[in-house]
$ cat data_14.csv   # CSV, C-alpha atoms and all ligand atoms
chain,number,residue,atom,x,y,z
A,810,MET,CA,38.4,-6.2,73.3
A,811,LYS,CA,41.5,-6.7,71.3
A,812,LYS,CA,44.7,-7.5,73.2
A,813,LEU,CA,46.5,-4.3,72.3
A,814,ALA,CA,43.5,-1.9,72.0
A,815,ASN,CA,44.5,1.7,72.8
A,816,LYS,CA,48.2,0.9,72.8
A,817,ILE,CA,50.7,2.8,70.7
A,818,ALA,CA,53.7,1.0,69.2
A,819,LEU,CA,56.8,1.9,67.3
A,820,VAL,CA,58.6,-0.8,65.3
A,821,THR,CA,62.0,-0.1,63.7
A,822,GLY,CA,62.6,-1.7,60.3
A,823,GLY,CA,59.0,-2.6,59.6
A,824,SER,CA,59.0,-2.5,55.8
A,825,ARG,CA,60.0,-6.1,55.2
A,826,GLY,CA,60.5,-9.5,56.8
A,827,ILE,CA,60.0,-10.0,60.6
A,828,GLY,CA,59.4,-6.3,61.2
A,829,ALA,CA,56.6,-6.1,58.6
A,830,ALA,CA,54.9,-9.1,60.3
A,831,ILE,CA,55.2,-7.5,63.7
A,832,VAL,CA,53.7,-4.3,62.4
A,833,ARG,CA,50.8,-6.2,60.9
A,834,ARG,CA,50.2,-8.4,64.0
A,835,LEU,CA,50.3,-5.5,66.5
A,836,ALA,CA,47.9,-3.6,64.3
A,837,ALA,CA,45.6,-6.6,64.1
A,838,GLU,CA,45.7,-6.8,67.9
A,839,GLY,CA,44.3,-3.2,68.0
A,840,ALA,CA,47.5,-1.1,68.4
A,841,SER,CA,48.2,2.1,66.5
A,842,VAL,CA,51.6,1.4,64.9
A,843,ALA,CA,54.3,3.6,63.6
A,844,PHE,CA,57.2,1.9,61.9
A,845,THR,CA,60.4,2.9,60.2
A,846,TYR,CA,62.0,2.0,57.0
A,847,SER,CA,65.3,2.9,55.3
A,848,GLN,CA,65.3,1.7,51.7
A,849,SER,CA,61.9,0.2,51.1
A,850,ALA,CA,59.6,3.2,51.0
A,851,GLU,CA,57.1,1.8,48.6
A,852,LYS,CA,56.7,-1.5,50.6
A,853,ALA,CA,56.4,0.5,53.8
A,854,GLN,CA,53.7,2.7,52.4
A,855,THR,CA,51.8,-0.3,51.1
A,856,ILE,CA,51.7,-1.9,54.5
A,857,ALA,CA,50.5,1.3,56.2
A,858,ASN,CA,47.8,1.7,53.5
A,859,GLU,CA,46.6,-1.8,53.9
A,860,ILE,CA,46.3,-1.5,57.7
A,861,ASN,CA,44.6,1.9,57.5
A,862,ALA,CA,42.2,0.6,54.8
A,863,ALA,CA,41.2,-2.2,57.1
A,864,GLY,CA,40.3,0.3,59.8
A,865,GLY,CA,43.6,0.2,61.7
A,866,HIS,CA,46.1,3.0,62.4
A,867,ALA,CA,49.6,2.9,60.9
A,868,ILE,CA,52.2,5.3,59.7
A,869,ALA,CA,55.5,4.6,57.9
A,870,ILE,CA,58.4,6.8,58.8
A,871,GLY,CA,61.6,7.1,56.7
A,872,ALA,CA,64.4,6.8,59.3
A,873,ASP,CA,67.8,5.2,58.8
A,874,SER,CA,68.7,3.4,62.0
A,875,ALA,CA,72.4,4.2,61.4
A,876,ARG,CA,71.5,7.9,62.0
A,877,SER,CA,70.7,8.8,65.6
A,878,ALA,CA,68.9,12.0,64.5
A,879,ASP,CA,66.5,9.9,62.3
A,880,ILE,CA,65.6,7.6,65.2
A,881,ILE,CA,65.0,10.5,67.6
A,882,GLN,CA,62.7,12.1,65.0
A,883,ALA,CA,60.8,8.8,64.5
A,884,VAL,CA,60.0,8.6,68.2
A,885,SER,CA,58.9,12.3,68.2
A,886,GLN,CA,56.8,11.7,65.1
A,887,THR,CA,55.1,8.6,66.7
A,888,VAL,CA,54.2,10.6,69.8
A,889,ALA,CA,53.0,13.6,67.8
A,890,GLU,CA,50.8,11.4,65.5
A,891,PHE,CA,49.3,9.0,68.1
A,892,GLY,CA,49.6,10.9,71.4
A,893,GLY,CA,52.1,8.7,73.3
A,894,LEU,CA,54.1,5.5,73.2
A,895,ASP,CA,53.5,2.2,75.0
A,896,ILE,CA,55.5,-0.4,73.0
A,897,LEU,CA,58.9,0.0,71.3
A,898,VAL,CA,60.0,-2.9,69.1
A,899,ASN,CA,63.7,-2.7,68.1
A,900,ASN,CA,63.7,-4.9,65.1
A,901,ALA,CA,65.9,-3.3,62.4
A,902,GLY,CA,69.1,-5.3,61.9
A,903,ILE,CA,71.7,-6.1,59.3
A,904,TYR,CA,74.0,-9.1,58.7
A,905,ILE,CA,77.5,-8.9,57.2
A,906,GLY,CA,79.1,-12.4,57.1
A,907,LYS,CA,82.8,-12.8,56.2
A,908,ASP,CA,85.8,-14.6,57.3
A,909,PHE,CA,87.1,-12.5,60.2
A,910,HIS,CA,90.4,-11.4,58.6
A,911,GLN,CA,88.4,-9.9,55.7
A,912,HIS,CA,86.3,-7.6,57.9
A,913,THR,CA,87.0,-3.9,58.0
A,914,ILE,CA,86.6,-1.3,60.8
A,915,ASP,CA,83.9,0.3,58.7
A,916,GLU,CA,81.9,-2.9,58.8
A,917,TYR,CA,82.2,-2.9,62.5
A,918,ASP,CA,80.6,0.6,62.6
A,919,GLN,CA,77.9,-0.4,60.1
A,920,ILE,CA,76.8,-3.5,62.2
A,921,MET,CA,77.1,-1.9,65.6
A,922,ASP,CA,75.3,1.4,64.5
A,923,VAL,CA,72.2,-0.5,63.4
A,924,ASN,CA,72.1,-3.6,65.6
A,925,VAL,CA,73.3,-2.0,68.8
A,926,LYS,CA,73.6,1.8,68.9
A,927,ALA,CA,70.2,2.3,67.3
A,928,VAL,CA,68.6,0.1,69.9
A,929,TYR,CA,70.2,2.2,72.6
A,930,VAL,CA,69.1,5.5,71.0
A,931,ALA,CA,65.5,4.5,70.3
A,932,THR,CA,65.1,3.2,73.8
A,933,LEU,CA,66.7,6.3,75.3
A,934,GLU,CA,64.1,8.4,73.5
A,935,ALA,CA,61.2,6.0,74.1
A,936,VAL,CA,61.6,5.9,77.9
A,937,LYS,CA,60.8,9.6,78.0
A,938,HIS,CA,57.3,8.6,77.0
A,939,LEU,CA,56.7,5.1,78.3
A,940,LYS,CA,54.4,4.7,81.4
A,941,THR,CA,53.6,1.8,83.7
A,942,GLY,CA,52.8,-1.2,81.5
A,943,GLY,CA,55.3,0.0,78.8
A,944,ARG,CA,57.2,-2.6,76.8
A,945,ILE,CA,60.7,-2.6,75.2
A,946,ILE,CA,61.1,-5.6,73.0
A,947,THR,CA,64.3,-6.1,71.0
A,948,ILE,CA,64.9,-8.7,68.2
A,949,GLY,CA,68.2,-10.4,68.9
A,950,SER,CA,69.3,-13.8,67.5
A,951,ASN,CA,69.8,-17.3,68.7
A,952,MET,CA,73.4,-16.8,67.5
A,953,ALA,CA,74.0,-14.8,70.7
A,954,ASP,CA,74.0,-18.2,72.4
A,955,ASN,CA,75.4,-20.3,69.6
A,956,ALA,CA,77.7,-19.1,66.9
A,957,ILE,CA,76.6,-21.5,64.3
A,958,GLY,CA,79.8,-21.5,62.2
A,959,THR,CA,82.4,-19.3,60.6
A,960,GLN,CA,81.7,-15.8,59.2
A,961,THR,CA,79.4,-14.9,62.1
A,962,THR,CA,81.7,-13.1,64.6
A,963,LEU,CA,80.7,-9.5,64.0
A,964,TYR,CA,76.9,-10.2,63.9
A,965,THR,CA,77.1,-12.6,66.9
A,966,MET,CA,79.0,-9.9,68.9
A,967,SER,CA,76.3,-7.3,68.1
A,968,LYS,CA,73.4,-9.6,69.1
A,969,SER,CA,75.2,-10.7,72.3
A,970,ALA,CA,75.3,-7.0,73.4
A,971,LEU,CA,71.5,-7.0,73.4
A,972,GLN,CA,71.5,-9.6,76.2
A,973,GLY,CA,73.4,-7.3,78.5
A,974,PHE,CA,71.2,-4.4,77.4
A,975,THR,CA,68.1,-6.4,78.3
A,976,ARG,CA,69.3,-7.5,81.7
A,977,GLY,CA,70.6,-4.1,82.8
A,978,LEU,CA,67.6,-2.1,81.5
A,979,ALA,CA,65.1,-4.4,83.1
A,980,ARG,CA,66.6,-3.4,86.5
A,981,ASP,CA,66.5,0.3,85.6
A,982,LEU,CA,62.9,0.3,84.4
A,983,GLY,CA,61.3,-2.4,86.6
A,984,PRO,CA,60.4,0.2,89.3
A,985,LYS,CA,58.5,2.1,86.7
A,986,GLY,CA,56.5,-1.0,85.7
A,987,ILE,CA,58.1,-1.2,82.3
A,988,THR,CA,59.3,-4.6,81.0
A,989,VAL,CA,62.4,-5.2,78.8
A,990,THR,CA,62.6,-8.4,76.8
A,991,LEU,CA,64.7,-9.9,74.0
A,992,VAL,CA,63.3,-12.2,71.2
A,993,GLN,CA,66.0,-14.4,69.7
A,994,PRO,CA,64.8,-15.9,66.4
A,995,GLY,CA,66.7,-18.7,64.7
A,996,PRO,CA,66.4,-19.4,61.0
A,997,THR,CA,63.4,-17.5,59.8
A,998,ASN,CA,62.4,-17.2,56.1
A,999,THR,CA,63.1,-13.6,55.0
A,1000,ASP,CA,65.3,-11.7,52.5
A,1001,MET,CA,68.1,-11.8,55.1
A,1002,ASN,CA,67.8,-15.6,55.4
A,1003,PRO,CA,65.9,-17.3,52.6
A,1004,ALA,CA,64.7,-20.8,53.3
A,1005,ASP,CA,65.8,-22.1,49.8
A,1006,THR,CA,69.6,-21.9,49.9
A,1007,GLU,CA,72.4,-24.3,50.7
A,1008,HIS,CA,72.9,-22.5,54.0
A,1009,ALA,CA,69.3,-23.1,54.8
A,1010,ASP,CA,69.7,-26.9,54.2
A,1011,TYR,CA,72.6,-26.8,56.7
A,1012,ALA,CA,70.6,-24.8,59.2
A,1013,ARG,CA,67.7,-27.2,59.0
A,1014,SER,CA,70.1,-30.1,59.6
A,1015,ARG,CA,70.9,-28.5,62.9
A,1016,MET,CA,67.3,-27.9,64.1
A,1017,ALA,CA,65.3,-30.1,66.3
A,1018,LEU,CA,62.3,-29.2,64.1
A,1019,PRO,CA,63.9,-29.2,60.7
A,1020,LYS,CA,61.9,-26.4,59.3
A,1021,TYR,CA,62.5,-22.7,58.9
A,1022,GLY,CA,60.4,-20.4,61.1
A,1023,THR,CA,57.9,-17.9,59.6
A,1024,VAL,CA,57.9,-14.2,60.2
A,1025,GLU,CA,54.4,-14.7,61.7
A,1026,ASP,CA,55.9,-17.1,64.3
A,1027,VAL,CA,58.1,-14.3,65.6
A,1028,ALA,CA,55.4,-11.7,65.4
A,1029,GLY,CA,53.1,-13.9,67.5
A,1030,LEU,CA,55.7,-14.0,70.3
A,1031,VAL,CA,56.2,-10.3,70.1
A,1032,ALA,CA,52.5,-9.7,70.4
A,1033,PHE,CA,52.3,-11.9,73.5
A,1034,LEU,CA,55.2,-10.1,75.2
A,1035,ALA,CA,53.6,-6.8,74.3
A,1036,SER,CA,50.3,-7.8,75.8
A,1037,GLU,CA,49.1,-7.9,79.4
A,1038,GLU,CA,49.9,-11.6,79.4
A,1039,GLY,CA,53.6,-10.8,79.1
A,1040,LYS,CA,53.7,-8.6,82.2
A,1041,GLN,CA,55.8,-10.8,84.4
A,1042,ILE,CA,58.6,-11.4,81.8
A,1043,THR,CA,61.5,-9.0,82.0
A,1044,GLY,CA,65.3,-9.0,81.9
A,1045,SER,CA,65.3,-12.2,79.9
A,1046,TRP,CA,64.9,-13.6,76.4
A,1047,VAL,CA,62.9,-16.1,74.5
A,1048,THR,CA,64.7,-18.1,71.8
A,1049,ILE,CA,62.4,-19.1,68.9
A,1050,ASP,CA,64.6,-21.2,66.7
A,1051,GLY,CA,63.0,-24.6,66.1
A,1052,GLY,CA,65.4,-26.1,68.6
A,1053,PHE,CA,68.5,-25.0,66.8
A,1054,ASN,CA,70.2,-24.3,70.1
A,1055,ALA,CA,68.8,-27.4,71.9
A,1101,LIG,P1,65.4,-8.4,56.5
A,1101,LIG,O1,66.7,-8.0,55.9
A,1101,LIG,O2,64.5,-9.3,55.7
A,1101,LIG,O3,64.6,-7.0,56.8
A,1101,LIG,C1,65.3,-6.0,57.5
A,1101,LIG,C2,64.3,-4.9,57.9
A,1101,LIG,O4,65.1,-4.0,58.6
A,1101,LIG,C3,63.8,-4.2,56.7
A,1101,LIG,O5,62.5,-3.7,56.9
A,1101,LIG,C4,64.8,-3.0,56.5
A,1101,LIG,O6,64.2,-1.9,55.9
A,1101,LIG,C5,65.1,-2.7,57.9
A,1101,LIG,N1,66.4,-2.1,58.0
A,1101,LIG,C6,67.6,-2.6,57.7
A,1101,LIG,N2,68.6,-1.6,57.9
A,1101,LIG,C7,67.9,-0.5,58.4
A,1101,LIG,C8,68.3,0.8,58.7
A,1101,LIG,N3,69.6,1.2,58.6
A,1101,LIG,N4,67.4,1.7,59.1
A,1101,LIG,C9,66.1,1.3,59.2
A,1101,LIG,N5,65.6,0.1,58.8
A,1101,LIG,C10,66.5,-0.8,58.4
A,1101,LIG,O7,65.7,-9.0,57.9
A,1101,LIG,P2,64.8,-9.9,58.9
A,1101,LIG,O8,63.4,-9.5,58.8
A,1101,LIG,O9,65.2,-11.3,58.6
A,1101,LIG,O10,65.5,-9.5,60.3
A,1101,LIG,C11,64.8,-8.7,61.2
A,1101,LIG,C12,65.5,-8.8,62.6
A,1101,LIG,O11,65.5,-10.2,63.0
A,1101,LIG,C13,67.0,-8.3,62.5
A,1101,LIG,O12,67.3,-7.7,63.7
A,1101,LIG,C14,67.7,-9.6,62.3
A,1101,LIG,O13,69.1,-9.5,62.8
A,1101,LIG,C15,66.9,-10.6,63.2
A,1101,LIG,N6,67.0,-12.0,62.9
A,1101,LIG,C16,66.7,-12.5,61.7
A,1101,LIG,C17,66.8,-13.9,61.5
A,1101,LIG,C18,66.4,-14.6,60.3
A,1101,LIG,O14,66.7,-15.8,60.1
A,1101,LIG,N7,65.7,-13.9,59.3
A,1101,LIG,C19,67.4,-14.8,62.6
A,1101,LIG,C20,67.7,-14.1,63.8
A,1101,LIG,C21,67.6,-12.8,63.9
A,1101,LIG,P3,64.5,-1.3,54.5
A,1101,LIG,O15,64.3,-2.4,53.5
A,1101,LIG,O16,63.5,-0.2,54.3
A,1101,LIG,O17,65.9,-0.8,54.5

$ encode --input "data_14.csv" --output "structure tokens"
Amino acid sequence: MKKLANKIALVTGGSRGIGAAIVRRLAAEGASVAFTYSQSAEKAQTIANEINAAGGHAIAIGADSARSADIIQAVSQTVAEFGGLDILVNNAGIYIGKDFHQHTIDEYDQIMDVNVKAVYVATLEAVKHLKTGGRIITIGSNMADNAIGTQTTLYTMSKSALQGFTRGLARDLGPKGITVTLVQPGPTNTDMNPADTEHADYARSRMALPKYGTVEDVAGLVAFLASEEGKQITGSWVTIDGGFNA
């Protein structure tokens, strides 16, 4: 039997990059997968169509993570469509990099709404449905432990908040048999962090394995944490960064 057979997952930001790879991997492991998108409707629908054509179950839901009402609706739609929820993957995230003095208060709201508040809101809704064996997996960043240089303050602050969220919530949900984990990728080749830039050359120079990660690397780790094999891991994080933080 497939590792995630009969499981129902919701992935935020599943239209591109790491989130899209997570959607595909969870579906390949047998889960029914709902996922959200904000801008990339066509890409999201293509992914859902491909999974469904291959005999899986996937739906793409338009939901802006900056809007709490959208997230609440996405959780409801997942439960209505598939009959429950076992795995929440909080993946959607944005990066705004600037010298600190150039940042605005509005940018604080943009980053915190998507990278932190949306995680809180989605989880608050999801826990109404999760049962024993449930999983909350959030995508943070290796930068929560290592601000790699200038222009990272706002993003690093948002990703550090997820560590506190993971620790505290693991205690709250442990008695219910639900695990809470954080995956902290390092440089991973996506639209957010392409592997062919000057910044990428610098990043590689700091890595023990001087090679960008792939979205499939991160998706594999998420699938492991979501599976039965991940049942004893909670309240902590796994950094998957090619040794950037070593
Ligand atoms: P991309 O920018 O390549 O993709 C982001 C995804 O999130 C897209 O599917 C996008 O959907 C979605 N998204 C963004 N904003 C919103 C929103 N407001 N509402 C709903 N969905 C949204 O990013 P990555 O795949 O690289 O990043 C995924 C996660 O991994 C993020 O949390 C990021 O911080 C983290 N990360 C990435 C690293 C990297 O090197 N790539 C390193 C460390 C962490 P759409 O196009 O439909 O708007």

$ closest_atom_pairs --input "data_14.csv" --of "chain A" --to "ligand LIG 1101 (chain A)" --cutoff "8 Å" --atoms "all atoms listed in the file" --output "JSON lines"
{"residue": "A:Thr821", "atom": "CA", "partner": "A:LIG1101", "partner_atom": "N5", "distance": 6.1}
{"residue": "A:Gly822", "atom": "CA", "partner": "A:LIG1101", "partner_atom": "C5", "distance": 3.6}
{"residue": "A:Gly823", "atom": "CA", "partner": "A:LIG1101", "partner_atom": "O5", "distance": 4.6}
{"residue": "A:Ser824", "atom": "CA", "partner": "A:LIG1101", "partner_atom": "O5", "distance": 3.9}
{"residue": "A:Arg825", "atom": "CA", "partner": "A:LIG1101", "partner_atom": "O5", "distance": 3.9}
{"residue": "A:Gly826", "atom": "CA", "partner": "A:LIG1101", "partner_atom": "O8", "distance": 3.5}
{"residue": "A:Ile827", "atom": "CA", "partner": "A:LIG1101", "partner_atom": "O8", "distance": 3.9}
{"residue": "A:Gly828", "atom": "CA", "partner": "A:LIG1101", "partner_atom": "O8", "distance": 5.7}
{"residue": "A:Ala829", "atom": "CA", "partner": "A:LIG1101", "partner_atom": "O5", "distance": 6.6}
{"residue": "A:Thr845", "atom": "CA", "partner": "A:LIG1101", "partner_atom": "C9", "distance": 6.0}
{"residue": "A:Tyr846", "atom": "CA", "partner": "A:LIG1101", "partner_atom": "O16", "distance": 3.8}
{"residue": "A:Ser847", "atom": "CA", "partner": "A:LIG1101", "partner_atom": "O16", "distance": 3.7}
{"residue": "A:Gln848", "atom": "CA", "partner": "A:LIG1101", "partner_atom": "O16", "distance": 3.7}
{"residue": "A:Ser849", "atom": "CA", "partner": "A:LIG1101", "partner_atom": "O16", "distance": 3.6}
{"residue": "A:Ala850", "atom": "CA", "partner": "A:LIG1101", "partner_atom": "O16", "distance": 6.1}
{"residue": "A:Lys852", "atom": "CA", "partner": "A:LIG1101", "partner_atom": "O16", "distance": 7.8}
{"residue": "A:Ala853", "atom": "CA", "partner": "A:LIG1101", "partner_atom": "O16", "distance": 7.2}
{"residue": "A:Gly871", "atom": "CA", "partner": "A:LIG1101", "partner_atom": "C9", "distance": 7.8}
{"residue": "A:Ala872", "atom": "CA", "partner": "A:LIG1101", "partner_atom": "C9", "distance": 5.8}
{"residue": "A:Asp873", "atom": "CA", "partner": "A:LIG1101", "partner_atom": "N4", "distance": 3.5}
{"residue": "A:Ser874", "atom": "CA", "partner": "A:LIG1101", "partner_atom": "N4", "distance": 3.6}
{"residue": "A:Ala875", "atom": "CA", "partner": "A:LIG1101", "partner_atom": "N3", "distance": 5.0}
{"residue": "A:Arg876", "atom": "CA", "partner": "A:LIG1101", "partner_atom": "N3", "distance": 7.7}
{"residue": "A:Asn899", "atom": "CA", "partner": "A:LIG1101", "partner_atom": "O12", "distance": 7.6}
{"residue": "A:Asn900", "atom": "CA", "partner": "A:LIG1101", "partner_atom": "O12", "distance": 4.8}
{"residue": "A:Ala901", "atom": "CA", "partner": "A:LIG1101", "partner_atom": "O4", "distance": 3.9}
{"residue": "A:Gly902", "atom": "CA", "partner": "A:LIG1101", "partner_atom": "O12", "distance": 3.5}
{"residue": "A:Ile903", "atom": "CA", "partner": "A:LIG1101", "partner_atom": "O13", "distance": 5.5}
{"residue": "A:Tyr904", "atom": "CA", "partner": "A:LIG1101", "partner_atom": "O13", "distance": 6.4}
{"residue": "A:Val923", "atom": "CA", "partner": "A:LIG1101", "partner_atom": "N3", "distance": 5.7}
{"residue": "A:Asn924", "atom": "CA", "partner": "A:LIG1101", "partner_atom": "O12", "distance": 6.6}
{"residue": "A:Ile948", "atom": "CA", "partner": "A:LIG1101", "partner_atom": "O12", "distance": 5.2}
{"residue": "A:Gly949", "atom": "CA", "partner": "A:LIG1101", "partner_atom": "C21", "distance": 5.6}
{"residue": "A:Ser950", "atom": "CA", "partner": "A:LIG1101", "partner_atom": "C20", "distance": 4.0}
{"residue": "A:Asn951", "atom": "CA", "partner": "A:LIG1101", "partner_atom": "C20", "distance": 6.2}
{"residue": "A:Met952", "atom": "CA", "partner": "A:LIG1101", "partner_atom": "C20", "distance": 7.3}
{"residue": "A:Tyr964", "atom": "CA", "partner": "A:LIG1101", "partner_atom": "O13", "distance": 7.9}
{"residue": "A:Lys968", "atom": "CA", "partner": "A:LIG1101", "partner_atom": "O13", "distance": 7.6}
{"residue": "A:Gln993", "atom": "CA", "partner": "A:LIG1101", "partner_atom": "C20", "distance": 6.1}
{"residue": "A:Pro994", "atom": "CA", "partner": "A:LIG1101", "partner_atom": "C20", "distance": 4.3}
{"residue": "A:Gly995", "atom": "CA", "partner": "A:LIG1101", "partner_atom": "C19", "distance": 4.5}
{"residue": "A:Pro996", "atom": "CA", "partner": "A:LIG1101", "partner_atom": "O14", "distance": 3.7}
{"residue": "A:Thr997", "atom": "CA", "partner": "A:LIG1101", "partner_atom": "O14", "distance": 3.7}
{"residue": "A:Asn998", "atom": "CA", "partner": "A:LIG1101", "partner_atom": "N7", "distance": 5.7}
{"residue": "A:Thr999", "atom": "CA", "partner": "A:LIG1101", "partner_atom": "O2", "distance": 4.6}
{"residue": "A:Asp1000", "atom": "CA", "partner": "A:LIG1101", "partner_atom": "O2", "distance": 4.1}
{"residue": "A:Met1001", "atom": "CA", "partner": "A:LIG1101", "partner_atom": "O1", "distance": 4.1}
{"residue": "A:Asn1002", "atom": "CA", "partner": "A:LIG1101", "partner_atom": "N7", "distance": 4.7}
{"residue": "A:Pro1003", "atom": "CA", "partner": "A:LIG1101", "partner_atom": "N7", "distance": 7.5}
{"residue": "A:Gly1022", "atom": "CA", "partner": "A:LIG1101", "partner_atom": "O14", "distance": 7.9}
{"residue": "A:Val1024", "atom": "CA", "partner": "A:LIG1101", "partner_atom": "O8", "distance": 7.4}

$ write_last_selection --input "data_14.csv" --atoms "C-alpha atoms" --output "PDB file, in the coordinates of the input"
ATOM      1  CA  THR A 821      62.000  -0.100  63.700  1.00  0.00           C
ATOM      2  CA  GLY A 822      62.600  -1.700  60.300  1.00  0.00           C
ATOM      3  CA  GLY A 823      59.000  -2.600  59.600  1.00  0.00           C
ATOM      4  CA  SER A 824      59.000  -2.500  55.800  1.00  0.00           C
ATOM      5  CA  ARG A 825      60.000  -6.100  55.200  1.00  0.00           C
ATOM      6  CA  GLY A 826      60.500  -9.500  56.800  1.00  0.00           C
ATOM      7  CA  ILE A 827      60.000 -10.000  60.600  1.00  0.00           C
ATOM      8  CA  GLY A 828      59.400  -6.300  61.200  1.00  0.00           C
ATOM      9  CA  ALA A 829      56.600  -6.100  58.600  1.00  0.00           C
ATOM     10  CA  THR A 845      60.400   2.900  60.200  1.00  0.00           C
ATOM     11  CA  TYR A 846      62.000   2.000  57.000  1.00  0.00           C
ATOM     12  CA  SER A 847      65.300   2.900  55.300  1.00  0.00           C
ATOM     13  CA  GLN A 848      65.300   1.700  51.700  1.00  0.00           C
ATOM     14  CA  SER A 849      61.900   0.200  51.100  1.00  0.00           C
ATOM     15  CA  ALA A 850      59.600   3.200  51.000  1.00  0.00           C
ATOM     16  CA  LYS A 852      56.700  -1.500  50.600  1.00  0.00           C
ATOM     17  CA  ALA A 853      56.400   0.500  53.800  1.00  0.00           C
ATOM     18  CA  GLY A 871      61.600   7.100  56.700  1.00  0.00           C
ATOM     19  CA  ALA A 872      64.400   6.800  59.300  1.00  0.00           C
ATOM     20  CA  ASP A 873      67.800   5.200  58.800  1.00  0.00           C
ATOM     21  CA  SER A 874      68.700   3.400  62.000  1.00  0.00           C
ATOM     22  CA  ALA A 875      72.400   4.200  61.400  1.00  0.00           C
ATOM     23  CA  ARG A 876      71.500   7.900  62.000  1.00  0.00           C
ATOM     24  CA  ASN A 899      63.700  -2.700  68.100  1.00  0.00           C
ATOM     25  CA  ASN A 900      63.700  -4.900  65.100  1.00  0.00           C
ATOM     26  CA  ALA A 901      65.900  -3.300  62.400  1.00  0.00           C
ATOM     27  CA  GLY A 902      69.100  -5.300  61.900  1.00  0.00           C
ATOM     28  CA  ILE A 903      71.700  -6.100  59.300  1.00  0.00           C
ATOM     29  CA  TYR A 904      74.000  -9.100  58.700  1.00  0.00           C
ATOM     30  CA  VAL A 923      72.200  -0.500  63.400  1.00  0.00           C
ATOM     31  CA  ASN A 924      72.100  -3.600  65.600  1.00  0.00           C
ATOM     32  CA  ILE A 948      64.900  -8.700  68.200  1.00  0.00           C
ATOM     33  CA  GLY A 949      68.200 -10.400  68.900  1.00  0.00           C
ATOM     34  CA  SER A 950      69.300 -13.800  67.500  1.00  0.00           C
ATOM     35  CA  ASN A 951      69.800 -17.300  68.700  1.00  0.00           C
ATOM     36  CA  MET A 952      73.400 -16.800  67.500  1.00  0.00           C
ATOM     37  CA  TYR A 964      76.900 -10.200  63.900  1.00  0.00           C
ATOM     38  CA  LYS A 968      73.400  -9.600  69.100  1.00  0.00           C
ATOM     39  CA  GLN A 993      66.000 -14.400  69.700  1.00  0.00           C
ATOM     40  CA  PRO A 994      64.800 -15.900  66.400  1.00  0.00           C
ATOM     41  CA  GLY A 995      66.700 -18.700  64.700  1.00  0.00           C
ATOM     42  CA  PRO A 996      66.400 -19.400  61.000  1.00  0.00           C
ATOM     43  CA  THR A 997      63.400 -17.500  59.800  1.00  0.00           C
ATOM     44  CA  ASN A 998      62.400 -17.200  56.100  1.00  0.00           C
ATOM     45  CA  THR A 999      63.100 -13.600  55.000  1.00  0.00           C
ATOM     46  CA  ASP A1000      65.300 -11.700  52.500  1.00  0.00           C
ATOM     47  CA  MET A1001      68.100 -11.800  55.100  1.00  0.00           C
ATOM     48  CA  ASN A1002      67.800 -15.600  55.400  1.00  0.00           C
ATOM     49  CA  PRO A1003      65.900 -17.300  52.600  1.00  0.00           C
ATOM     50  CA  GLY A1022      60.400 -20.400  61.100  1.00  0.00           C
ATOM     51  CA  VAL A1024      57.900 -14.200  60.200  1.00  0.00           C
TER      52      VAL A1024
END

$ atom_distance --input "data_14.csv" --atom1 "atom CA of Met921 of chain A" --atom2 "atom CA of Leu971 of chain A"
10.9 Å

$ atom_distance --input "data_14.csv" --atom1 "atom CA of Gly865 of chain A" --atom2 "atom CA of Ala836 of chain A"
6.3 Å

$ closest_residue --input "data_14.csv" --among "A:Thr855, A:Val888, A:Ala843, A:Leu1030" --to "Ile870 of chain A" --atoms "only C-alpha atoms"
A:Ala843

$ atom_distance --input "data_14.csv" --atom1 "atom CA of Thr961 of chain A" --atom2 "atom CA of Phe844 of chain A"
27.8 Å

$ closest_residue --input "data_14.csv" --among "A:Gln911, A:Thr941, A:Ser841, A:Thr887" --to "Gly864 of chain A" --atoms "all atoms listed in the file"
A:Ser841

$ residues_near_point --input "data_14.csv" --point "(57.7, 8.5, 72.6)" --cutoff "7 Å" --atoms "all atoms listed in the file" --output "PyMOL selection string"
chain A and resi 884-885+887-888+893-894+934-935+937-939

$ closest_residue --input "data_14.csv" --among "A:Gly1052, A:Glu859, A:Gln854, A:Thr947" --to "Met1016 of chain A" --atoms "all atoms listed in the file"
A:Gly1052

$ closest_residue --input "data_14.csv" --among "A:Gln919, A:Asn861, A:Ser1014, A:Thr988" --to "Asn1054 of chain A" --atoms "only C-alpha atoms"
A:Ser1014

$ residues_near_point --input "data_14.csv" --point "(78.7, -28.2, 61.9)" --cutoff "8 Å" --atoms "only C-alpha atoms" --output "ChimeraX atom specification"
/A:957-958,1015

$ closest_residue --input "data_14.csv" --among "A:Ala862, A:Ile1049, A:Ala1055, A:Ile817" --to "Glu1025 of chain A" --atoms "only C-alpha atoms"
A:Ile1049

$ closest_residue --input "data_14.csv" --among "A:Leu1018, A:Val928, A:Ala970, A:Ile946" --to "Leu897 of chain A" --atoms "all atoms listed in the file"
A:Ile946

$ residues_around --input "data_14.csv" --residues "Asp908 of chain A" --least-positions-apart "2" --cutoff "9 Å" --atoms "only C-alpha atoms" --output "PyMOL selection string"
chain A and resi 906+910-912+959-962

$ decode --input "data_14.csv" --residues "segment 826-837 of chain A" --atoms "C-alpha atoms" --output "mmCIF file, in the first residue's frame"
data_model
loop_
_atom_site.group_PDB
_atom_site.id
_atom_site.type_symbol
_atom_site.label_atom_id
_atom_site.label_comp_id
_atom_site.auth_asym_id
_atom_site.auth_seq_id
_atom_site.Cartn_x
_atom_site.Cartn_y
_atom_site.Cartn_z
ATOM 1 C CA GLY A 826 8.270 25.694 -6.792
ATOM 2 C CA ILE A 827 8.592 23.697 -3.597
ATOM 3 C CA GLY A 828 4.825 23.643 -2.997
ATOM 4 C CA ALA A 829 4.106 22.147 -6.432
ATOM 5 C CA ALA A 830 6.673 19.394 -5.789
ATOM 6 C CA ILE A 831 5.082 18.660 -2.411
ATOM 7 C CA VAL A 832 1.631 18.408 -4.031
ATOM 8 C CA ARG A 833 2.935 15.987 -6.658
ATOM 9 C CA ARG A 834 4.849 13.870 -4.127
ATOM 10 C CA LEU A 835 1.993 13.580 -1.613
ATOM 11 C CA ALA A 836 -0.344 12.602 -4.461
ATOM 12 C CA ALA A 837 2.193 10.034 -5.719
#
